[in-house]
Every structure is written in structure tokens, then in C-alpha cells.
Amino acid sequence: MTGAGAQLETLRGLLKTIYKDHSPEDFNYMWSQLLQILEENKDIDFNHNQKQASVWDSSTAVLITYADGVYSNSKSTLSPLKRLIDNHLGKLASIIHILPFLCSTSDGGFAVSSYEKVEPRFGDWDDINNLSENNLIMADLVLNHVSASHPWVHQFKMSSNPGIKYILSPSIKDDWGNVIRARNTSLFTSIITNQGRKDVWTTFGPDQVDVNWNEPLLILEFLTLIIKYLRNGIRWIRLDAIGFIWKEPSTTCLNMKQAHDLVKVLRILLKELCESGVLITETNVPEKENVSYLISGDEAQLAYNFPLPPLLLEALITNKADLVNKWLDSWPTLPDKTGFLNFTASHDGIGLRALEGLMEPYRLHNLLIACEKRGGLISHRRMSNGEDKPYELNISWWSAMADTGINRNLFQSKRFLLSQLFVMALKGVPAFYLQAIMASENDIFAFDKSGERRDLNRERFDFKSLEHALKDINSNASKNLLALNQAMTVRSRLKAFHPDEPMILYSKKRSDVVLFSRGIEDYRVWVLHNMTNKKLSFSFADVLLTKFPSAWCDCLNNKVYFDNRIELNPYAVHWLTQKK
């Protein structure tokens with residue numbers, strides 16, 4: 001059997017397992033339709049824009065941005081975004097993650113009301129294609145829910161197809177007491193239909209109605225959307241809230257086996273269509289559950305590294321990196337060509353679920369207080385006992401880097417740059433949030449207007465004002481971009497920073513520094529961070545039990561050290577190689 005044939009046989013087996021309770025007639029109809037869709041698209045070369053043999057290398061970096069993160073007087077917001085990226089962000093945006101750009105009604109685009117149309121104020125599919133000319137595009141596949149205004153919901157209300165099959169409306173009398181929540185809103189929302197009131201499942205709130213993945217025809221709808229994405233230049237696909245998509249009574253309804261099997265299905269479908277496609281899972285859950293989408297090697301290629309942002313934030317606020325070092329020391333071994341998407345800031349808050357088992361309650365409590373002192377807020381989720389528990393920190397990353405003393409700017413820039421350089425150096429693919437690198441403060445105005453806590457970290461930028469700030473060499477945004485673009489230039493030249501290269505920690509028992517190496521043998525790079533606001537004198541003899549080189553070359557700062565002792569400034573970062 002050929003490779004493609006074997007893949008399709010595996011696909012059929014997975015779907016048979018997922019939909020084992022359906023009749024052979026239902027399954028065979030879905031399967032024949034799926035094969036027909038694949039056949040109709042088999043001759044389209046979705047790989048023609050791929051510029052490298054591997055899907056990622058040392059130059060790969062993801063820019064996370066809203067489609068309207070930048071606006072101007074032009075008809076579409078994607079046009080000024082393209083100009084900003086072309087003019088200033090090239091090194092940081094080999095991949096552009098455009099957050100949901102389809103028509104929607106709420107939640108920053110995640111309440112999708114149409115899978116066909118781009119939100120008109122953003123632009124159209126041509127604008128997406130234009131962005132893909134010089135950059136790879138990453139987009140969200142919102143699998144768990146649709147907007148309450150989506151046609152499927154209207155069809156459900158009228159008891160007509162396909163909505164009557166596609167919208168999830170289980171009996172609320174079943175045992176749902178173990179469901180793990182991501183919000184403190186009601187799990188079910190009552191809506192009026194032509195057959196009276198019915199309860200629909202609403203994981204993320206009443207405007208986001210969950211779809212019914214027990215229905216096999218749903219896979220065809222999302223396969224069609226994936227093809228539409230590929231036709232418009234999108235190659236990296238982020239599976240939003242994937243862990244929530246399968247529900248069964250008397251379970252947690254989170255990270256179910258069927259959810260994993262569906263990720264495997266999507267991986268095969270993407271590979272059948274586009275060899276260079278990349279599948280990314282987004283699961284804000286404890287680390288073991290997050291890694292479960294990578295460990296088999298046939299699910300996601302990347303997973304968001306959720307413990308990183310809160311652990312790094314706590315270390316920089318407390319000047320104590322013991323938890324970061326302990327966490328790095330237990331970095332999981334993953335299959336080839338899989339890894340983490342490393343990030344600090346994103347469009348969401350700083351998730352706290354990933355800290356379960358990694359941070360003591362008293363330190364987490366102090367982190368919440370420190371966040372509030374910097375103008376942040378705390379969002380909660382509803383537990384099965386009815387209590388609310390902190391779920392995420394809502395604060396801009398730039399504001400989180402501030403001091404709480406008289407001078408709030410004290411070391412703010414240094415903390416920020418360390419955090420982004422940390423992301424660059426870790427094993428995996430680095431990602432940068434536009435608002436963070438542009439030094440966006442907490443957006444109090446947006447929060448006051450919407451009441452949405454996450455809007456504190458979602459400032460939109462006027463293109464002309466931002467261009468003016470970037471021309472000012474003394475602005476925080478200009479300084480950030482200069483430093484990060486220079487660092488990415490250096491990173492791109494170093495084989496050791498390929499996302500798949502090995503990483504070894506040397507600072508397990510330290511709380512003042514983090515030291516790890518990337519790469520092997522003659523191209524190894526040692527990455528050294530001073531995690532404190534004090535000057536340190538660091539000796540390699542304290543941590544390395546190897547023969548020392550005659551000199552160290554600091555690739556990042558363009559310096560040479562002829563001693564095995566380095567004087568570290570507060571929050572300093574050094575990328576060191578052995579001088580030959």
C-alpha cells in the first residue's frame with residue numbers, strides 16, 4: 001500500500017472509531033463525500049510558496065496580531081498591517097498569525113457567524129492572499145462553537161438541516177457535574193425554537209454556541225474551510241479550544257479520546273492536501289494534558305507552551321527563577337518534528353491552569369497581587385462545586401514588566417527584552433504578540449468601553465501614530481523593534497537555534513540565573529540570563545563540568561570574554577559560543 005493509501009486507511013479507521021455509533025449508511029455517505037472533496041483538490045499545488053525544505057528553521061518566528069491590530073483611512077485594516085510588517089517587522093513575522101478574521105459577533109472574532117466571508121472592515125480574501133506573498137499565514141480553525149447568529153443556529157431554531165444536527169443540545173438532566181469549565185458563565189443557554197425552548201451548550205458564553213461533533217457530516221464542513229484557507233495562502237492552522245470539542249455525560253468533557261482522534265484526523269487531512277502544512281493546538285490546561293497532543297507524534301506539530309508566560313512573569317517580578325529552572329529541567333522529550341510554540345503574551349490573558357502542580361498556592365496568590373498592582377485584573381472559571389477559581393491574568397505584557405515603586409519604568413525595558421529573548425532561545429518556535437512588542441500599556445479605555453477584561457491587552461494602533469513612534473529612536477516601540485530584529489538576525493545565522501536542536505539546562509539549582517545550551521558540539525550556544533535586578537558575577541566553573549574554552553564569543557552582544565567569569569548587568573542576556 002502506498003504512503004497516501006496507508007494514510008487514508010488510517011483516516012478511515014479513526015473516523016470509524018469516532019463514529020462507531022452511526023449506521024454504516026451514514027458513515028459511508030460521509031466517507032464518500034470526504035474522498036470526493038479530497039479528489040477534487042488533489043491537483044492543486046498548495047506547497048508552491050514553501051521556500052524551505054523544513055517547515056521551520058532558526059529564522060522562523062510567529063507574529064500574533066488581530067486583523068484590525070492596525071487601522072488607517074484605507075478600506076481594509078489588513079492593508080496597513082501589511083505595510084507595518086513589510087516596513088518594520090520582517091524578522092519577527094516569517095509566520096503571521098492573523099487572529100480570527102471571518103465575520104463574527106463577539107469575543108474578538110472567535111464567535112464566528114460565517115465561515116465564508118472575511119469581516120468587511122478587515123478586507124477580503126485578496127488581502128489575506130496579499131499577506132501570504134512574503135510571509136506564511138497562520139489562521140484559527142474555531143472548531144468548538146459558532147456565533148449565536150450563525151446560520152446553523154437559525155436552522156436549529158427552525159428544526160431544519162443541517163443546523164438541527166450541527167448544534168449541541170444534550171439533555172441537561174444528564175450528569176454534567178464533572179465538566180471542567182473555562183468560564184464562570186452558564187454551561188447551557190436556553191433559546192426559543194419553533195418547538196419551544198431548548199437548551200444549547202455554551203462553553204464560552206451565550207453568544208458562542210457549541211457544535212455537535214457527534215455528527216459525522218461536520219467534518220466535511222471544516223474540511224471545506226481548510227481548503228478555503230489553503231486556497232488563500234494559509235499554511236499553519238491553529239486549533240482553537242480543541243480540548244473542549246467532545247462531550248459525554250459523567251466525564252470532564254475535556255481532552256477526551258475523541259478530541260485527540262479528531263486532531264489526528266485533521267493532521268492527515270492537512271497532510272493529504274498540503275505537505276508543508278502545520279497543525280497547532282491551543283489547550284490552556286495543565287502541562288501533562290497540553291503535551292498529550294504532541295507525544296504520539298501523529299497529532300499536532302506544535303502546541304502553545306502555556307506554563308512559560310506565568311512562570312517567566314513570576315520570575316521577573318520576584319527576581320527568583322527557581323521555578324523556571326525546575327520546569328526547564330523537566331522539559332519533555334517529544335517526537336521528531338514536533339515542539340512548542342513559545343510565547344509570553346498573546347491576545348488572551350496569561351493562563352493559570354498550566355501552573356497546576358508547578359507553583360505553590362502562596363506564590364500564585366502573590367503573583368495575582370503583583371498583577372493587580374500593575375493595573376491588571378483576574379478572570380475566573382466556575383468549578384463543579386460552584387466556586388470561582390482564578391483562570392487567567394488580564395494585563396498587557398509591557399505593563400506586567402513595570403516596577404511598582406516610585407519609578408514604574410525602572411528596568412521595565414530590560415525585563416521585557418529578557419522575556420522576548422528567552423522565548424527566542426528556547427527549544428521550539430518563538431512567537432511575539434504585536435501589542436507587546438509595541439510596548440502597549442493596559443488599555444483602560446477599551447476595557448471601560450467593553451467591560452471585557454481581555455481588552456486590557458488588545459490595544460488597536462493608528463497606523464500614522466505608530467509609524468511616527470517607530471521613527472522616534474527614543475520611543476519604547478522603536479527600541480523594542482531594533483533590539484528584537486537584531487536578535488532575530490543573529491538567531492537566524494545560528495544552527496543551534498533551529499527549533500528541533502537539543503536543549504540542556506545547567507542552572508537547575510540556581511534561582512538567580514538561567515543557563516542552558518542549544519545545539520551540539522562545535523555549534524553549541526550557551527544562553528545565559530541574569531533573572532535579577534542586581535549585578536552578578538557569574539563563573540562557568542560553578543555550573544559547567546567541561547573543559548573551558550580559551551575565550552567565549554557573545555554572539556548577541558558582539559563581545560569576546562577571555563575569562564570564565566562574566567559580570568552580568570541586571571536582566572542581562574548573553575548568547576555564548578566557544579571562540580575558535
# chains A, B, ... in the order shown; residues from 1 in each chain; ligands from 1

$ closest_atom_pairs --of "segment 428-547 of chain A" --to "segment 54-61 of chain A" --cutoff "6 Å" --atoms "only C-alpha atoms" --output "JSON lines"
{"residue": "A:Pro430", "atom": "CA", "partner": "A:Ala61", "partner_atom": "CA", "distance": 5.3}
{"residue": "A:Ala431", "atom": "CA", "partner": "A:Ala61", "partner_atom": "CA", "distance": 5.7}
{"residue": "A:Ser492", "atom": "CA", "partner": "A:Ser59", "partner_atom": "CA", "distance": 4.3}
{"residue": "A:Phe497", "atom": "CA", "partner": "A:Ser58", "partner_atom": "CA", "distance": 5.2}
{"residue": "A:His498", "atom": "CA", "partner": "A:Ser58", "partner_atom": "CA", "distance": 4.2}

$ write_last_selection --atoms "C-alpha atoms" --output "PDB file, in the first residue's frame"
ATOM      1  CA  PRO A 430       9.176  31.736  19.099  1.00  0.00           C
ATOM      2  CA  ALA A 431       6.015  33.843  18.891  1.00  0.00           C
ATOM      3  CA  SER A 492      18.787  33.141  12.060  1.00  0.00           C
ATOM      4  CA  PHE A 497      18.609  27.787  17.421  1.00  0.00           C
ATOM      5  CA  HIS A 498      16.798  25.550  14.953  1.00  0.00           C
TER       6      HIS A 498
END

$ residues_around --residues "segment 336-343 of chain A" --least-positions-apart "3" --cutoff "8 Å" --atoms "only C-alpha atoms" --output "list in words"
Leu294, Gly297, Ala300, Gln301, Leu302, Ala303, Tyr304, Asn305, Leu308, Pro309, Ser346, Gln420, Val423, Met424, Leu426, Lys427, Gly428, Val429, Pro430, Ala431, Phe432, Pro499 and Asp500 of chain A

$ write_last_selection --atoms "C-alpha atoms" --output "PDB file, in the first residue's frame"
ATOM      1  CA  LEU A 294       2.246  16.159  20.862  1.00  0.00           C
ATOM      2  CA  GLY A 297       3.747  12.272  17.016  1.00  0.00           C
ATOM      3  CA  ALA A 300      -0.263  18.403  16.474  1.00  0.00           C
ATOM      4  CA  GLN A 301       3.149  19.540  15.268  1.00  0.00           C
ATOM      5  CA  LEU A 302       3.190  22.422  17.725  1.00  0.00           C
ATOM      6  CA  ALA A 303       1.409  23.203  20.990  1.00  0.00           C
ATOM      7  CA  TYR A 304       1.266  26.512  22.826  1.00  0.00           C
ATOM      8  CA  ASN A 305       3.727  26.408  25.729  1.00  0.00           C
ATOM      9  CA  LEU A 308       6.043  29.661  30.101  1.00  0.00           C
ATOM     10  CA  PRO A 309       4.254  33.055  30.416  1.00  0.00           C
ATOM     11  CA  SER A 346      -0.993  36.691  23.358  1.00  0.00           C
ATOM     12  CA  GLN A 420      11.400  38.038  24.491  1.00  0.00           C
ATOM     13  CA  VAL A 423      11.379  32.978  24.046  1.00  0.00           C
ATOM     14  CA  MET A 424      13.812  33.202  21.113  1.00  0.00           C
ATOM     15  CA  LEU A 426      14.147  28.043  23.973  1.00  0.00           C
ATOM     16  CA  LYS A 427      13.723  24.856  22.009  1.00  0.00           C
ATOM     17  CA  GLY A 428      10.731  25.353  19.726  1.00  0.00           C
ATOM     18  CA  VAL A 429       9.293  28.178  17.641  1.00  0.00           C
ATOM     19  CA  PRO A 430       9.176  31.736  19.099  1.00  0.00           C
ATOM     20  CA  ALA A 431       6.015  33.843  18.891  1.00  0.00           C
ATOM     21  CA  PHE A 432       5.566  37.575  19.518  1.00  0.00           C
ATOM     22  CA  PRO A 499      13.552  24.663  16.781  1.00  0.00           C
ATOM     23  CA  ASP A 500      14.465  20.961  16.827  1.00  0.00           C
TER      24      ASP A 500
END

$ closest_residue --among "A:Pro100, A:Gly90, A:Pro286, A:Pro335" --to "Leu131 of chain A" --atoms "only C-alpha atoms"
A:Gly90

$ residues_around --residues "Leu434 of chain A" --least-positions-apart "5" --cutoff "7 Å" --atoms "only C-alpha atoms" --output "MDAnalysis selection string"
chainID A and resid 63:65

$ write_last_selection --atoms "C-alpha atoms" --output "short mmCIF file (atom, residue, chain, number, x, y, z; two decimals), in the first residue's frame"
data_model
loop_
_atom_site.label_atom_id
_atom_site.label_comp_id
_atom_site.auth_asym_id
_atom_site.auth_seq_id
_atom_site.Cartn_x
_atom_site.Cartn_y
_atom_site.Cartn_z
CA LEU A 63 3.80 37.37 14.84
CA ILE A 64 0.43 37.24 16.62
CA THR A 65 -1.91 40.04 15.59
#

$ select_by_dssp --residues "segment 392-567 of chain A" --states "helix (DSSP H, G or I)" --output "ChimeraX atom specification"
/A:397-400,412-425,434-437,444-450,453-457,463-471,476-493,495-497,521-523,540-542

$ residues_around --residues "Ala477 of chain A" --least-positions-apart "4" --cutoff "10 Å" --atoms "only C-alpha atoms" --output "VMD selection string"
chain A and resid 435 to 440 466 469 to 473 481 to 482

$ residues_around --residues "Ser104 of chain A" --least-positions-apart "4" --cutoff "10 Å" --atoms "only C-alpha atoms" --output "list in words"
Pro100, Gly108, Gly109, Phe110, Ala111, Val112, Ser113, Ser114, Tyr115, Lys117, Val118, Glu119, Val146, Ser147, Ala148, Ser149 and His150 of chain A

$ residues_around --residues "Ile167 of chain A" --least-positions-apart "2" --cutoff "7 Å" --atoms "only C-alpha atoms" --output "VMD selection string"
chain A and resid 152 to 153 156 163 to 165 169 210 to 212

$ closest_residue --among "A:Asn485, A:Asn28, A:Ser465, A:Asn290" --to "Ser72 of chain A" --atoms "only C-alpha atoms"
A:Ser465

$ residues_around --residues "Phe463 of chain A" --least-positions-apart "6" --cutoff "10 Å" --atoms "only C-alpha atoms" --output "list in words"
Gly69, Val70, Tyr71, Ser72, Asn73, Thr77, Pro80, Leu81, Arg83, Leu84 and Ala469 of chain A

$ closest_residue --among "A:Glu372, A:Glu314, A:Asp126, A:Asp388" --to "Glu360 of chain A" --atoms "only C-alpha atoms"
A:Glu314

$ closest_residue --among "A:Val291, A:Ile226, A:Leu273, A:Ala572" --to "Leu418 of chain A" --atoms "only C-alpha atoms"
A:Ala572

$ atom_distance --atom1 "atom CA of Leu187 of chain A" --atom2 "atom CA of His380 of chain A"
14.3 Å

$ atom_distance --atom1 "atom CA of Asp443 of chain A" --atom2 "atom CA of Leu456 of chain A"
4.5 Å

$ closest_residue --among "A:Gly5, A:Pro570, A:Pro151, A:Pro361" --to "Phe411 of chain A" --atoms "only C-alpha atoms"
A:Pro570

$ select_by_dssp --residues "segment 169-413 of chain A" --states "strand (DSSP E or B)" --output "count of residues only"
50
